[in-house]
>>> print(open('input.txt').read())   # compact mmCIF, C-alpha atoms
# COMPACT_ATOMS: atom_id res chain seq x y z
CA MET A 21 40.20 8.76 -11.07
CA GLY A 22 38.85 6.56 -13.84
CA ARG A 23 39.40 2.92 -14.51
CA CYS A 24 42.42 0.86 -13.55
CA PRO A 25 44.50 0.39 -16.74
CA THR A 26 45.26 -3.25 -15.93
CA ARG A 27 41.63 -4.24 -15.42
CA LYS A 28 40.41 -6.30 -18.39
CA VAL A 29 36.95 -7.40 -17.16
CA LYS A 30 34.06 -4.93 -17.07
CA LYS A 31 31.72 -4.88 -14.12
CA ARG A 32 28.56 -6.83 -14.74
CA ARG A 33 25.36 -4.88 -14.44
CA LEU A 34 21.87 -6.15 -13.79
CA SER A 35 19.62 -6.65 -16.78
CA HIS A 36 16.86 -4.09 -17.15
CA LYS A 37 14.74 -6.38 -19.29
CA THR A 38 13.27 -8.42 -16.44
CA ALA A 39 11.99 -5.31 -14.67
CA ARG A 40 10.41 -4.05 -17.90
CA ARG A 41 8.77 -7.41 -18.56
CA ASP A 42 7.36 -7.68 -15.03
CA LYS A 43 5.94 -4.15 -15.21
CA PHE A 44 3.44 -5.13 -17.91
CA GLU A 45 2.35 -8.40 -16.31
CA VAL A 46 1.10 -6.79 -13.08
CA LYS A 47 -2.36 -5.26 -12.70
CA GLY A 48 -2.49 -1.51 -12.35
CA ASP A 49 -2.61 0.11 -8.93
CA ASP A 50 -6.15 1.35 -9.48
CA LEU A 51 -7.43 -2.16 -10.31
CA VAL A 52 -5.78 -3.69 -7.24
CA TYR A 53 -7.14 -0.84 -5.09
CA THR A 54 -10.72 -1.52 -6.24
CA GLU A 55 -10.25 -5.28 -5.64
CA LEU A 56 -9.16 -4.57 -2.06
CA ARG A 57 -12.14 -2.29 -1.43
CA LYS A 58 -14.68 -5.00 -2.32
CA PRO A 59 -16.51 -6.54 0.65
CA GLU A 60 -15.47 -10.03 1.73
CA THR A 61 -18.78 -11.46 0.54
CA GLU A 62 -18.06 -10.54 -3.10
CA THR A 63 -14.60 -12.14 -3.24
CA LYS A 64 -14.52 -15.61 -4.76
CA PRO A 65 -12.32 -18.49 -3.57
CA LEU A 66 -9.27 -19.12 -5.75
CA GLU A 67 -9.87 -21.66 -8.50
CA LEU A 68 -7.37 -24.36 -9.42
CA ASN A 69 -5.32 -23.33 -12.43
CA GLU A 70 -2.53 -25.54 -13.72
CA ASP A 71 -0.83 -22.68 -15.57
CA LEU A 72 -0.15 -20.65 -12.43
CA PRO A 73 2.48 -21.41 -9.76
CA GLY A 74 1.14 -23.55 -6.92
CA MET A 75 -2.02 -24.29 -8.94
CA GLY A 76 -3.10 -20.68 -8.29
CA GLN A 77 -3.80 -21.25 -4.59
CA PHE A 78 -1.15 -19.00 -3.00
CA TYR A 79 -1.86 -15.43 -4.07
CA CYS A 80 -0.89 -11.99 -2.73
CA LEU A 81 -3.73 -9.60 -3.53
CA HIS A 82 -1.73 -6.45 -2.79
CA CYS A 83 1.15 -7.32 -5.13
CA ASP A 84 -0.88 -9.36 -7.67
CA ARG A 85 1.53 -12.32 -7.49
CA TYR A 86 1.13 -16.08 -7.28
CA PHE A 87 3.49 -18.28 -5.27
CA SER A 88 4.42 -21.95 -5.43
CA LYS A 89 3.98 -22.72 -1.71
CA ALA A 90 2.42 -21.14 1.35
CA SER A 91 5.84 -20.79 2.99
CA VAL A 92 7.13 -18.76 0.03
CA ARG A 93 4.06 -16.53 0.21
CA ASP A 94 4.54 -16.04 3.95
CA ASP A 95 8.18 -15.07 3.35
CA HIS A 96 6.95 -12.57 0.76
CA PHE A 97 4.64 -10.99 3.35
CA LYS A 98 7.74 -10.08 5.40
CA THR A 99 9.58 -8.31 2.56
CA LYS A 100 10.03 -4.57 2.27
CA LYS A 101 8.45 -4.52 -1.19
CA HIS A 102 5.20 -6.08 0.08
CA LYS A 103 5.00 -3.82 3.13
CA LYS A 104 5.47 -0.73 0.97
CA ARG A 105 2.75 -1.96 -1.40
CA VAL A 106 0.33 -2.53 1.51
CA LYS A 107 1.01 0.99 2.76
CA ILE A 108 0.26 2.45 -0.68
CA MET A 109 -2.97 0.45 -1.01
CA ASN A 110 -4.22 1.48 2.45
CA GLY A 111 -3.70 5.17 1.66
CA PRO A 112 -5.66 7.41 -0.73
CA ALA A 113 -6.87 6.05 -4.06
CA PRO A 114 -4.14 5.88 -6.72
CA HIS A 115 -4.55 7.74 -9.98
CA SER A 116 -6.81 6.16 -12.57
CA GLN A 117 -6.99 6.48 -16.35
CA LEU A 118 -9.76 9.08 -15.99
CA ASP A 119 -7.47 11.27 -13.88
CA ALA A 120 -4.74 10.97 -16.51
CA ASP A 121 -7.14 11.92 -19.32
CA LEU A 122 -8.40 14.96 -17.41
CA ALA A 123 -4.86 16.11 -16.65
CA ALA A 124 -3.93 15.81 -20.33
CA GLY A 125 -6.94 17.90 -21.36
CA MET A 126 -8.71 14.96 -22.98
CA GLY A 127 -11.59 14.78 -20.55
CA MET A 128 -15.01 16.39 -20.72
CA PRO A 129 -14.73 20.05 -21.72
CA ASP A 130 -15.80 22.71 -19.27
CA ASN A 131 -16.92 25.66 -21.36
CA GLY A 132 -18.52 27.54 -18.50
CA PRO A 133 -22.16 28.63 -18.19
CA LYS A 134 -24.14 29.30 -21.33
CA LEU A 135 -24.57 33.00 -22.00
CA MET A 136 -27.36 32.83 -24.56
CA ALA A 137 -30.21 30.38 -24.62
CA ALA A 138 -30.92 29.12 -28.12
>>> encode(input="input.txt", output="structure tokens")
Amino acid sequence: MGRCPTRKVKKRRLSHKTARRDKFEVKGDDLVYTELRKPETETKPLELNEDLPGMGQFYCLHCDRYFSKASVRDDHFKTKKHKKRVKIMNGPAPHSQLDADLAAGMGMPDNGPKLMAA
């Protein structure tokens, strides 16, 4: 089939750079999972921070995101992305760096039982 020979404008595609940038700004799944498992008594109230949106008062713990207003945060709670994230965080513990090291063979060696006592 191919392209129409008279078409002069290429289709615009979404930029991949924003997704790559956002990936490094978010906490890892294992850190968020441990934050969620803390008892309510250990969690601190949110402090005012001028650098964050909404002075740092409207925060989604599951997605590690700050919002400008409570209404925007409440709209976020209804999105598919947030619901999927909540489902992941309520399930089994995500992989941690220790799991990755052990899978790569960089963890503690297991040489078996000692055969001769020195």
>>> closest_residue(input="input.txt", among="A:His82, A:Val92, A:Lys103, A:Gln117", to="A:Tyr53", atoms="all atoms listed in the file")
A:His82
>>> atom_distance(input="input.txt", atom1="atom CA of A:Tyr86", atom2="atom CA of A:Pro73")
6.0 Å
>>> atom_distance(input="input.txt", atom1="atom CA of A:Asp50", atom2="atom CA of A:Lys37")
24.3 Å
>>> atom_distance(input="input.txt", atom1="atom CA of A:Cys80", atom2="atom CA of A:Val52")
10.6 Å
